[in-house]
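Structure below is query-v5.cif: mmCIF, C-alpha atoms and all ligand atoms.
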```
data_upload
#
loop_
_atom_site.label_atom_id
_atom_site.label_comp_id
_atom_site.auth_asym_id
_atom_site.auth_seq_id
_atom_site.Cartn_x
_atom_site.Cartn_y
_atom_site.Cartn_z
CA MET I 27 49.94 -44.85 -79.73
CA SER I 28 49.51 -46.11 -83.30
CA PRO I 29 52.81 -46.72 -85.13
CA THR I 30 52.35 -43.65 -87.31
CA ASP I 31 51.48 -41.22 -84.50
CA VAL I 32 53.99 -38.48 -83.73
CA LEU I 33 51.99 -37.18 -80.80
CA LYS I 34 49.29 -38.45 -78.51
CA VAL I 35 47.41 -36.34 -75.98
CA GLU I 36 45.15 -37.98 -73.41
CA GLY I 37 42.80 -36.45 -70.86
CA LEU I 38 44.26 -32.95 -70.91
CA ARG I 39 42.64 -30.70 -68.30
CA LYS I 40 43.31 -27.08 -67.42
CA SER I 41 41.55 -24.49 -65.29
CA PHE I 42 42.44 -20.85 -64.76
CA GLY I 43 40.96 -20.20 -61.31
CA ASP I 44 37.29 -21.19 -61.55
CA ASN I 45 37.36 -21.19 -65.32
CA GLU I 46 37.62 -24.77 -66.55
CA VAL I 47 39.15 -24.23 -69.96
CA LEU I 48 40.07 -27.78 -71.01
CA ARG I 49 37.81 -30.63 -69.88
CA SER I 50 39.68 -33.75 -70.90
CA ILE I 51 41.05 -33.32 -74.39
CA ASP I 52 42.24 -36.33 -76.42
CA LEU I 53 44.14 -35.81 -79.63
CA SER I 54 46.54 -37.70 -81.83
CA VAL I 55 48.67 -36.42 -84.66
CA ALA I 56 49.98 -38.76 -87.35
CA SER I 57 53.37 -38.30 -88.95
CA GLY I 58 53.01 -35.79 -91.78
CA GLY I 59 49.52 -34.95 -90.56
CA VAL I 60 48.11 -31.44 -90.46
CA VAL I 61 45.61 -31.04 -87.64
CA ALA I 62 43.48 -27.89 -87.71
CA LEU I 63 42.00 -26.88 -84.36
CA VAL I 64 38.91 -24.81 -85.01
CA GLY I 65 36.11 -23.48 -82.85
CA PRO I 66 34.68 -20.34 -81.28
CA SER I 67 36.87 -17.87 -79.47
CA GLY I 68 37.53 -18.98 -75.90
CA SER I 69 36.95 -22.68 -76.60
CA GLY I 70 40.47 -23.60 -75.43
CA LYS I 71 42.33 -24.07 -78.74
CA THR I 72 45.33 -21.90 -77.86
CA THR I 73 45.57 -23.48 -74.42
CA VAL I 74 45.84 -26.92 -76.06
CA LEU I 75 48.60 -25.67 -78.34
CA ARG I 76 50.52 -24.00 -75.52
CA SER I 77 50.22 -27.15 -73.42
CA LEU I 78 51.90 -29.19 -76.17
CA ASN I 79 54.86 -26.82 -76.07
CA GLY I 80 55.09 -26.63 -72.27
CA LEU I 81 54.17 -22.92 -72.32
CA GLU I 82 51.12 -23.84 -70.27
CA ILE I 83 51.21 -26.57 -67.64
CA PRO I 84 47.98 -28.60 -67.69
CA ASP I 85 46.40 -29.72 -64.40
CA ALA I 86 46.06 -33.30 -65.61
CA GLY I 87 46.58 -35.45 -68.66
CA ARG I 88 49.37 -37.05 -70.55
CA VAL I 89 51.37 -35.98 -73.61
CA THR I 90 53.51 -38.49 -75.47
CA PHE I 91 55.79 -37.77 -78.39
CA GLU I 92 56.95 -40.69 -80.49
CA GLY I 93 60.18 -42.06 -79.07
CA GLY I 94 60.00 -39.90 -75.95
CA PRO I 95 58.78 -40.44 -72.42
CA ALA I 96 55.10 -39.84 -71.64
CA VAL I 97 54.80 -36.63 -69.69
CA ASP I 98 52.18 -37.03 -66.96
CA PHE I 99 50.79 -33.72 -65.79
CA GLY I 100 49.00 -33.49 -62.49
CA SER I 101 51.98 -34.70 -60.53
CA ASN I 102 55.12 -32.59 -60.41
CA VAL I 103 56.63 -32.91 -63.87
CA PRO I 104 60.42 -33.17 -63.64
CA LYS I 105 62.11 -30.18 -65.30
CA ARG I 106 64.11 -32.52 -67.51
CA GLN I 107 60.87 -33.99 -68.95
CA LEU I 108 59.44 -30.55 -69.56
CA MET I 109 62.59 -29.49 -71.40
CA ALA I 110 62.43 -32.68 -73.50
CA LEU I 111 58.80 -31.90 -74.34
CA ARG I 112 59.65 -28.31 -75.32
CA ASP I 113 62.38 -29.58 -77.59
CA ARG I 114 60.00 -31.57 -79.75
CA SER I 115 57.84 -28.75 -81.04
CA ALA I 116 58.17 -25.14 -82.13
CA MET I 117 55.51 -22.46 -82.04
CA VAL I 118 54.58 -19.78 -84.54
CA PHE I 119 52.73 -17.05 -82.65
CA GLN I 120 49.82 -14.86 -83.68
CA HIS I 121 51.84 -11.69 -83.04
CA TYR I 122 55.13 -13.12 -84.40
CA ASN I 123 56.93 -12.50 -81.05
CA LEU I 124 60.22 -11.59 -82.73
CA PHE I 125 62.88 -9.95 -80.56
CA PRO I 126 62.67 -6.29 -81.63
CA HIS I 127 66.31 -5.46 -80.83
CA MET I 128 67.71 -8.33 -82.91
CA THR I 129 68.09 -8.57 -86.66
CA VAL I 130 66.16 -11.15 -88.64
CA LEU I 131 69.19 -13.46 -88.72
CA GLU I 132 69.86 -13.04 -85.00
CA ASN I 133 66.21 -13.86 -84.27
CA VAL I 134 66.45 -17.07 -86.27
CA ILE I 135 69.73 -18.34 -84.79
CA GLU I 136 68.94 -17.40 -81.17
CA GLY I 137 67.22 -20.72 -80.31
CA PRO I 138 69.63 -23.02 -82.17
CA VAL I 139 72.72 -21.31 -80.68
CA GLN I 140 71.60 -20.30 -77.17
CA VAL I 141 69.20 -23.13 -76.34
CA GLN I 142 70.31 -26.02 -78.53
CA ARG I 143 74.02 -25.12 -78.31
CA ARG I 144 74.60 -25.68 -82.00
CA PRO I 145 77.72 -24.16 -83.59
CA ARG I 146 77.01 -20.61 -84.67
CA ALA I 147 78.41 -21.00 -88.19
CA GLU I 148 76.14 -23.99 -88.82
CA ALA I 149 73.10 -22.17 -87.41
CA VAL I 150 73.82 -19.15 -89.64
CA ARG I 151 74.13 -21.37 -92.71
CA ASP I 152 70.82 -23.11 -91.95
CA ALA I 153 69.11 -19.80 -91.19
CA GLU I 154 70.27 -18.29 -94.49
CA ASP I 155 69.00 -21.34 -96.40
CA LEU I 156 65.61 -21.14 -94.69
CA LEU I 157 65.31 -17.38 -95.23
CA ARG I 158 66.11 -17.88 -98.91
CA ARG I 159 63.32 -20.46 -99.14
CA VAL I 160 60.71 -17.98 -97.93
CA GLY I 161 62.08 -15.14 -100.08
CA LEU I 162 63.67 -13.17 -97.26
CA ALA I 163 67.39 -13.72 -97.81
CA GLU I 164 68.01 -10.03 -98.44
CA LYS I 165 66.25 -9.03 -95.22
CA LYS I 166 68.55 -10.93 -92.88
CA ASP I 167 70.29 -7.86 -91.45
CA GLN I 168 67.14 -5.81 -91.01
CA TYR I 169 65.16 -5.38 -87.81
CA PRO I 170 61.58 -6.64 -87.37
CA HIS I 171 60.07 -3.13 -87.42
CA GLU I 172 61.52 -2.62 -90.91
CA LEU I 173 59.45 -5.54 -92.25
CA SER I 174 55.78 -5.91 -93.15
CA GLY I 175 53.58 -8.10 -90.93
CA GLY I 176 53.63 -10.86 -93.56
CA GLN I 177 57.43 -10.74 -93.72
CA GLN I 178 57.68 -10.79 -89.93
CA GLN I 179 55.45 -13.83 -89.75
CA ARG I 180 57.55 -15.59 -92.41
CA VAL I 181 60.55 -14.92 -90.15
CA GLY I 182 58.48 -16.37 -87.29
CA ILE I 183 57.99 -19.52 -89.34
CA VAL I 184 61.69 -19.72 -90.25
CA ARG I 185 62.60 -19.28 -86.59
CA ALA I 186 60.41 -22.28 -85.73
CA LEU I 187 61.85 -24.38 -88.57
CA ALA I 188 65.41 -23.55 -87.49
CA LEU I 189 64.79 -25.51 -84.28
CA LYS I 190 64.28 -28.66 -86.38
CA PRO I 191 61.23 -29.70 -84.36
CA THR I 192 59.21 -32.88 -84.75
CA LEU I 193 56.03 -30.83 -84.70
CA LEU I 194 55.19 -27.30 -85.82
CA LEU I 195 52.52 -25.42 -83.87
CA PHE I 196 50.74 -22.43 -85.41
CA ASP I 197 48.61 -20.19 -83.21
CA GLU I 198 46.30 -18.20 -85.50
CA PRO I 199 49.31 -17.27 -87.64
CA THR I 200 47.45 -14.90 -89.95
CA SER I 201 44.87 -13.29 -87.70
CA ALA I 202 47.00 -10.22 -86.91
CA LEU I 203 47.74 -9.55 -90.59
CA ASP I 204 46.15 -7.12 -92.98
CA PRO I 205 44.02 -9.12 -95.43
CA GLU I 206 46.38 -8.53 -98.35
CA LEU I 207 49.27 -10.12 -96.42
CA VAL I 208 47.46 -13.29 -95.36
CA GLY I 209 48.07 -15.15 -98.63
CA GLU I 210 51.87 -14.99 -98.53
CA VAL I 211 51.92 -16.58 -95.07
CA LEU I 212 49.31 -19.23 -95.87
CA SER I 213 51.25 -20.23 -98.97
CA VAL I 214 54.40 -20.85 -96.90
CA ILE I 215 52.38 -23.00 -94.48
CA LYS I 216 50.85 -24.88 -97.41
CA GLU I 217 54.31 -25.58 -98.84
CA LEU I 218 55.48 -26.94 -95.49
CA ALA I 219 52.41 -29.18 -95.31
CA ASP I 220 53.10 -30.43 -98.85
CA GLU I 221 56.70 -31.19 -97.83
CA GLY I 222 55.39 -33.47 -95.12
CA TRP I 223 55.90 -31.39 -91.98
CA THR I 224 53.67 -32.51 -89.12
CA MET I 225 51.69 -29.62 -87.72
CA VAL I 226 48.88 -28.48 -85.47
CA LEU I 227 47.27 -25.25 -86.54
CA VAL I 228 44.78 -23.07 -84.68
CA THR I 229 42.96 -21.10 -87.32
CA HIS I 230 39.83 -19.19 -88.22
CA GLU I 231 40.62 -19.63 -91.90
CA LEU I 232 38.24 -22.51 -92.53
CA ALA I 233 38.74 -22.47 -96.29
CA PHE I 234 42.47 -22.88 -95.69
CA ALA I 235 41.87 -25.64 -93.12
CA ARG I 236 39.74 -27.44 -95.69
CA GLU I 237 42.59 -27.21 -98.19
CA VAL I 238 45.58 -28.26 -96.05
CA ALA I 239 44.31 -30.18 -93.04
CA THR I 240 44.32 -33.96 -92.90
CA GLU I 241 42.18 -33.75 -89.77
CA VAL I 242 39.92 -31.06 -88.38
CA VAL I 243 39.20 -30.92 -84.66
CA PHE I 244 36.23 -28.80 -83.66
CA MET I 245 36.37 -27.59 -80.05
CA ASP I 246 33.74 -25.80 -78.04
CA GLY I 247 33.63 -25.11 -74.30
CA GLY I 248 36.85 -26.98 -73.58
CA VAL I 249 35.86 -30.27 -75.23
CA VAL I 250 36.41 -31.82 -78.63
CA VAL I 251 32.91 -31.82 -80.10
CA GLU I 252 33.88 -33.73 -83.23
CA HIS I 253 36.90 -34.50 -85.34
CA GLY I 254 37.64 -36.14 -88.66
CA PRO I 255 38.66 -35.41 -92.24
CA PRO I 256 37.94 -31.84 -93.39
CA GLU I 257 35.40 -32.92 -95.97
CA LYS I 258 33.41 -34.54 -93.15
CA VAL I 259 33.72 -32.01 -90.32
CA LEU I 260 33.59 -28.86 -92.46
CA ARG I 261 31.17 -29.98 -95.16
CA ASN I 262 28.93 -32.45 -93.43
CA PRO I 263 29.29 -32.17 -89.65
CA SER I 264 27.47 -34.62 -87.38
CA GLU I 265 26.98 -32.22 -84.49
CA GLU I 266 24.65 -29.24 -84.42
CA ARG I 267 27.27 -27.05 -82.68
CA THR I 268 29.78 -27.74 -85.45
CA ARG I 269 27.17 -27.09 -88.12
CA ARG I 270 26.30 -23.67 -86.69
CA PHE I 271 29.95 -22.67 -86.43
CA VAL I 272 30.88 -23.84 -89.90
CA HIS I 273 27.88 -22.23 -91.57
CA ARG I 274 28.77 -18.91 -90.02
CA LEU I 275 32.32 -18.93 -91.34
CA LEU I 276 32.30 -20.83 -94.63
P1 LIG N 1 40.79 -20.01 -77.92
O1 LIG N 1 42.18 -20.21 -78.41
O2 LIG N 1 39.84 -21.10 -78.35
O3 LIG N 1 40.24 -18.64 -78.22
P2 LIG N 1 41.99 -19.92 -75.30
O4 LIG N 1 42.67 -21.22 -75.07
O5 LIG N 1 42.84 -18.76 -75.70
O6 LIG N 1 40.80 -20.14 -76.34
O7 LIG N 1 41.22 -19.48 -74.00
C1 LIG N 1 40.26 -20.30 -73.36
C2 LIG N 1 39.80 -19.63 -72.09
O8 LIG N 1 40.88 -19.58 -71.17
C3 LIG N 1 39.33 -18.20 -72.24
O9 LIG N 1 38.22 -18.03 -71.40
C4 LIG N 1 40.50 -17.38 -71.77
O10 LIG N 1 40.08 -16.16 -71.23
C5 LIG N 1 41.09 -18.26 -70.70
N1 LIG N 1 42.54 -18.08 -70.54
C6 LIG N 1 43.50 -18.39 -71.45
N2 LIG N 1 44.73 -18.13 -70.96
C7 LIG N 1 44.55 -17.63 -69.70
C8 LIG N 1 45.44 -17.18 -68.67
N3 LIG N 1 46.76 -17.20 -68.86
N4 LIG N 1 44.88 -16.77 -67.52
C9 LIG N 1 43.55 -16.78 -67.33
N5 LIG N 1 42.67 -17.19 -68.26
C10 LIG N 1 43.15 -17.62 -69.43
#
```

What's the structure tokens form of this structure?
Amino acid sequence: MSPTDVLKVEGLRKSFGDNEVLRSIDLSVASGGVVALVGPSGSGKTTVLRSLNGLEIPDAGRVTFEGGPAVDFGSNVPKRQLMALRDRSAMVFQHYNLFPHMTVLENVIEGPVQVQRRPRAEAVRDAEDLLRRVGLAEKKDQYPHELSGGQQQRVGIVRALALKPTLLLFDEPTSALDPELVGEVLSVIKELADEGWTMVLVTHELAFAREVATEVVFMDGGVVVEHGPPEKVLRNPSEERTRRFVHRLL
């Protein structure tokens, strides 16, 4: 692991039945880095993201967060290690995944209070600060169904931030939104990137990836086909598969 890496992934493999979805993925994420995972549908991007957060258990490979133990998949991973891994990152989901029966504020403090056992008053204070930052302070007592998709996703982002993770994971955060609501969510993500948050982002928004990513990883068929700075991978790719994909979308 280089001294600036927050996360290192080595040899990640995952099959669902006969379907080999990840065929040895290597990845590293530098502190303050924004890694955009791009590639055709079904190439394994979401499975990589979910594996980093322990939502998916890979068949083999190793995930190391800076300052934490290396988690070796393939053998039986001790529950304690899995919990430690989950603690390091927080996920923003494509479909927001807010709890429908809880208010905005309750959604945001649920993880900090119930999982991290932080004092409720402190969690509420932090949640209110974060909601203010994304322009949703006055929505804190409303329920998810009373908000627009863009507002719900901003709550999804606040809920991830409230966990104070080392790494933010975004799984196609704007692909469920009406086009006119995409911008408000992308601008929050851009602000977080500018503030120095470390993140991995699965996205089809290549123009956005070009703007915010420090590194673009192009995946196809469960392998990393090529990776590098956005101006290289998205403007002047080395591989034919990348070129075809990029030309279709940019
Ligand atoms: P991407 O994010 O690039 O679209 P995914 O990681 O979502 O790709 O999916 C990769 C492949 O794994 C797809 O063929 C998908 O159908 C399959 N897959 C993903 N999750 C599951 C699951 N829980 N059970 C079975 N197959 C899955």

Next item on the list: Mind giving me the straight-line distance from CA of Thr200 (chain I) to CA of Phe244 (chain I) in Å, one decimal?
Entry: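 Interatomic distance, CA of Thr200 (chain I) to CA of Phe244 (chain I): 18.9 Å.
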
Next item on the list: Measuring atom to atom with all atoms listed in the file, identify which of I:Glu198, I:Glu266, I:Asp44, I:Glu210 is nearest to Arg180 (chain I).
Entry: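 Of I:Glu198, I:Glu266, I:Asp44, I:Glu210, the one nearest Arg180 (chain I) is I:Glu210, counting all atoms listed in the file.
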
Item checked: d(CA of Ala147 (chain I), CA of Arg114 (chain I)) in Å ->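 These two atoms are separated by 22.8 Å.
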
Next item on the list: Rank nothing, just name the residue among I:His171, I:His230, I:Lys34, I:Arg146 nearest to ligand LIG 1 (chain N), using only C-alpha atoms and all ligand atoms.
Entry: I:His230

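Near ligand LIG 1 (chain N), at a distance of at most 7 Å and with all atoms listed in the file counted, sit the residues I:Phe42, I:Asn45, I:Val47, I:Gly65, I:Pro66, I:Ser67, I:Gly68, I:Ser69, I:Gly70, I:Lys71, I:Thr72, I:Thr73, I:Val74.
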
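Distances to Lys216 (chain I) were evaluated for I:Asn123, I:Val60, I:Pro256, I:Asn102 using only C-alpha atoms, and the minimum falls at I:Val60.
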
Margin query: Measuring between all atoms listed in the file, which one of I:Asp246, I:Asp204, I:Asp197, I:Glu154 shows the shortest distance to Val226 (chain I)?
Written below: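 Of I:Asp246, I:Asp204, I:Asp197, I:Glu154, the one nearest Val226 (chain I) is I:Asp197, counting all atoms listed in the file.
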
Test item: residues at most 12 Å from Leu187 (chain I), only C-alpha atoms, excluding those fewer than 4 positions along its chain, as an mmCIF file with C-alpha atoms, in the frame of the given file:
```
data_model
loop_
_atom_site.group_PDB
_atom_site.id
_atom_site.type_symbol
_atom_site.label_atom_id
_atom_site.label_comp_id
_atom_site.auth_asym_id
_atom_site.auth_seq_id
_atom_site.Cartn_x
_atom_site.Cartn_y
_atom_site.Cartn_z
ATOM 1 C CA ARG I 114 60.000 -31.570 -79.750
ATOM 2 C CA SER I 115 57.840 -28.750 -81.040
ATOM 3 C CA ALA I 116 58.170 -25.140 -82.130
ATOM 4 C CA MET I 117 55.510 -22.460 -82.040
ATOM 5 C CA VAL I 118 54.580 -19.780 -84.540
ATOM 6 C CA VAL I 134 66.450 -17.070 -86.270
ATOM 7 C CA ILE I 135 69.730 -18.340 -84.790
ATOM 8 C CA GLY I 137 67.220 -20.720 -80.310
ATOM 9 C CA PRO I 138 69.630 -23.020 -82.170
ATOM 10 C CA ALA I 149 73.100 -22.170 -87.410
ATOM 11 C CA ASP I 152 70.820 -23.110 -91.950
ATOM 12 C CA ALA I 153 69.110 -19.800 -91.190
ATOM 13 C CA GLU I 154 70.270 -18.290 -94.490
ATOM 14 C CA ASP I 155 69.000 -21.340 -96.400
ATOM 15 C CA LEU I 156 65.610 -21.140 -94.690
ATOM 16 C CA LEU I 157 65.310 -17.380 -95.230
ATOM 17 C CA ARG I 159 63.320 -20.460 -99.140
ATOM 18 C CA VAL I 160 60.710 -17.980 -97.930
ATOM 19 C CA ARG I 180 57.550 -15.590 -92.410
ATOM 20 C CA VAL I 181 60.550 -14.920 -90.150
ATOM 21 C CA GLY I 182 58.480 -16.370 -87.290
ATOM 22 C CA ILE I 183 57.990 -19.520 -89.340
ATOM 23 C CA PRO I 191 61.230 -29.700 -84.360
ATOM 24 C CA THR I 192 59.210 -32.880 -84.750
ATOM 25 C CA LEU I 193 56.030 -30.830 -84.700
ATOM 26 C CA LEU I 194 55.190 -27.300 -85.820
ATOM 27 C CA LEU I 195 52.520 -25.420 -83.870
ATOM 28 C CA PHE I 196 50.740 -22.430 -85.410
ATOM 29 C CA VAL I 214 54.400 -20.850 -96.900
ATOM 30 C CA ILE I 215 52.380 -23.000 -94.480
ATOM 31 C CA LEU I 218 55.480 -26.940 -95.490
ATOM 32 C CA TRP I 223 55.900 -31.390 -91.980
ATOM 33 C CA THR I 224 53.670 -32.510 -89.120
ATOM 34 C CA MET I 225 51.690 -29.620 -87.720
#
```

Margin query: Please compute the CA of Gly222 (chain I)-CA of Val251 (chain I) distance, one decimal, in Å.
Written below: 27.1 Å

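Using all atoms listed in the file, the shortest contact distance between Ser174 (chain I) and any of I:Glu148, I:Glu46, I:Glu206, I:Glu36 is found at I:Glu206.
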
Using the partial input, fill out region 160-178 of chain I with N, CA and C atoms; write the result as a PDB file, in the coordinates of the input.
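Final output, result.pdb:
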```pdb
ATOM      1  N   VAL I 160      61.955 -18.758 -98.061  1.00  0.00           N
ATOM      2  CA  VAL I 160      60.710 -17.980 -97.930  1.00  0.00           C
ATOM      3  C   VAL I 160      60.860 -16.577 -98.536  1.00  0.00           C
ATOM      4  N   GLY I 161      61.915 -16.395 -99.339  1.00  0.00           N
ATOM      5  CA  GLY I 161      62.080 -15.140-100.080  1.00  0.00           C
ATOM      6  C   GLY I 161      62.554 -13.978 -99.244  1.00  0.00           C
ATOM      7  N   LEU I 162      63.257 -14.259 -98.137  1.00  0.00           N
ATOM      8  CA  LEU I 162      63.670 -13.170 -97.260  1.00  0.00           C
ATOM      9  C   LEU I 162      65.185 -13.085 -97.060  1.00  0.00           C
ATOM     10  N   ALA I 163      65.930 -13.694 -97.970  1.00  0.00           N
ATOM     11  CA  ALA I 163      67.390 -13.720 -97.810  1.00  0.00           C
ATOM     12  C   ALA I 163      67.965 -12.308 -97.671  1.00  0.00           C
ATOM     13  N   GLU I 164      67.427 -11.396 -98.440  1.00  0.00           N
ATOM     14  CA  GLU I 164      68.010 -10.030 -98.440  1.00  0.00           C
ATOM     15  C   GLU I 164      67.569  -9.204 -97.244  1.00  0.00           C
ATOM     16  N   LYS I 165      66.715  -9.772 -96.404  1.00  0.00           N
ATOM     17  CA  LYS I 165      66.250  -9.030 -95.220  1.00  0.00           C
ATOM     18  C   LYS I 165      66.993  -9.443 -93.956  1.00  0.00           C
ATOM     19  N   LYS I 166      67.999 -10.299 -94.090  1.00  0.00           N
ATOM     20  CA  LYS I 166      68.550 -10.930 -92.880  1.00  0.00           C
ATOM     21  C   LYS I 166      69.166  -9.944 -91.893  1.00  0.00           C
ATOM     22  N   ASP I 167      69.662  -8.806 -92.368  1.00  0.00           N
ATOM     23  CA  ASP I 167      70.290  -7.860 -91.450  1.00  0.00           C
ATOM     24  C   ASP I 167      69.359  -6.723 -91.028  1.00  0.00           C
ATOM     25  N   GLN I 168      68.090  -6.840 -91.409  1.00  0.00           N
ATOM     26  CA  GLN I 168      67.140  -5.810 -91.010  1.00  0.00           C
ATOM     27  C   GLN I 168      66.495  -6.167 -89.669  1.00  0.00           C
ATOM     28  N   TYR I 169      65.833  -5.179 -89.094  1.00  0.00           N
ATOM     29  CA  TYR I 169      65.160  -5.380 -87.810  1.00  0.00           C
ATOM     30  C   TYR I 169      63.664  -5.609 -88.056  1.00  0.00           C
ATOM     31  N   PRO I 170      62.988  -6.322 -87.148  1.00  0.00           N
ATOM     32  CA  PRO I 170      61.580  -6.640 -87.370  1.00  0.00           C
ATOM     33  C   PRO I 170      60.721  -5.434 -87.760  1.00  0.00           C
ATOM     34  N   HIS I 171      60.954  -4.262 -87.122  1.00  0.00           N
ATOM     35  CA  HIS I 171      60.070  -3.130 -87.420  1.00  0.00           C
ATOM     36  C   HIS I 171      60.241  -2.610 -88.845  1.00  0.00           C
ATOM     37  N   GLU I 172      61.309  -3.053 -89.517  1.00  0.00           N
ATOM     38  CA  GLU I 172      61.520  -2.620 -90.910  1.00  0.00           C
ATOM     39  C   GLU I 172      60.781  -3.524 -91.902  1.00  0.00           C
ATOM     40  N   LEU I 173      60.131  -4.579 -91.385  1.00  0.00           N
ATOM     41  CA  LEU I 173      59.450  -5.540 -92.250  1.00  0.00           C
ATOM     42  C   LEU I 173      57.937  -5.389 -92.163  1.00  0.00           C
ATOM     43  N   SER I 174      57.248  -5.861 -93.214  1.00  0.00           N
ATOM     44  CA  SER I 174      55.780  -5.910 -93.150  1.00  0.00           C
ATOM     45  C   SER I 174      55.363  -7.033 -92.194  1.00  0.00           C
ATOM     46  N   GLY I 175      54.084  -7.028 -91.804  1.00  0.00           N
ATOM     47  CA  GLY I 175      53.580  -8.100 -90.930  1.00  0.00           C
ATOM     48  C   GLY I 175      53.767  -9.483 -91.564  1.00  0.00           C
ATOM     49  N   GLY I 176      53.491  -9.558 -92.870  1.00  0.00           N
ATOM     50  CA  GLY I 176      53.630 -10.860 -93.560  1.00  0.00           C
ATOM     51  C   GLY I 176      55.069 -11.333 -93.560  1.00  0.00           C
ATOM     52  N   GLN I 177      56.002 -10.385 -93.757  1.00  0.00           N
ATOM     53  CA  GLN I 177      57.430 -10.740 -93.720  1.00  0.00           C
ATOM     54  C   GLN I 177      57.837 -11.160 -92.310  1.00  0.00           C
ATOM     55  N   GLN I 178      57.342 -10.420 -91.313  1.00  0.00           N
ATOM     56  CA  GLN I 178      57.680 -10.790 -89.930  1.00  0.00           C
ATOM     57  C   GLN I 178      57.177 -12.183 -89.593  1.00  0.00           C
TER      58      GLN I 178
END
```
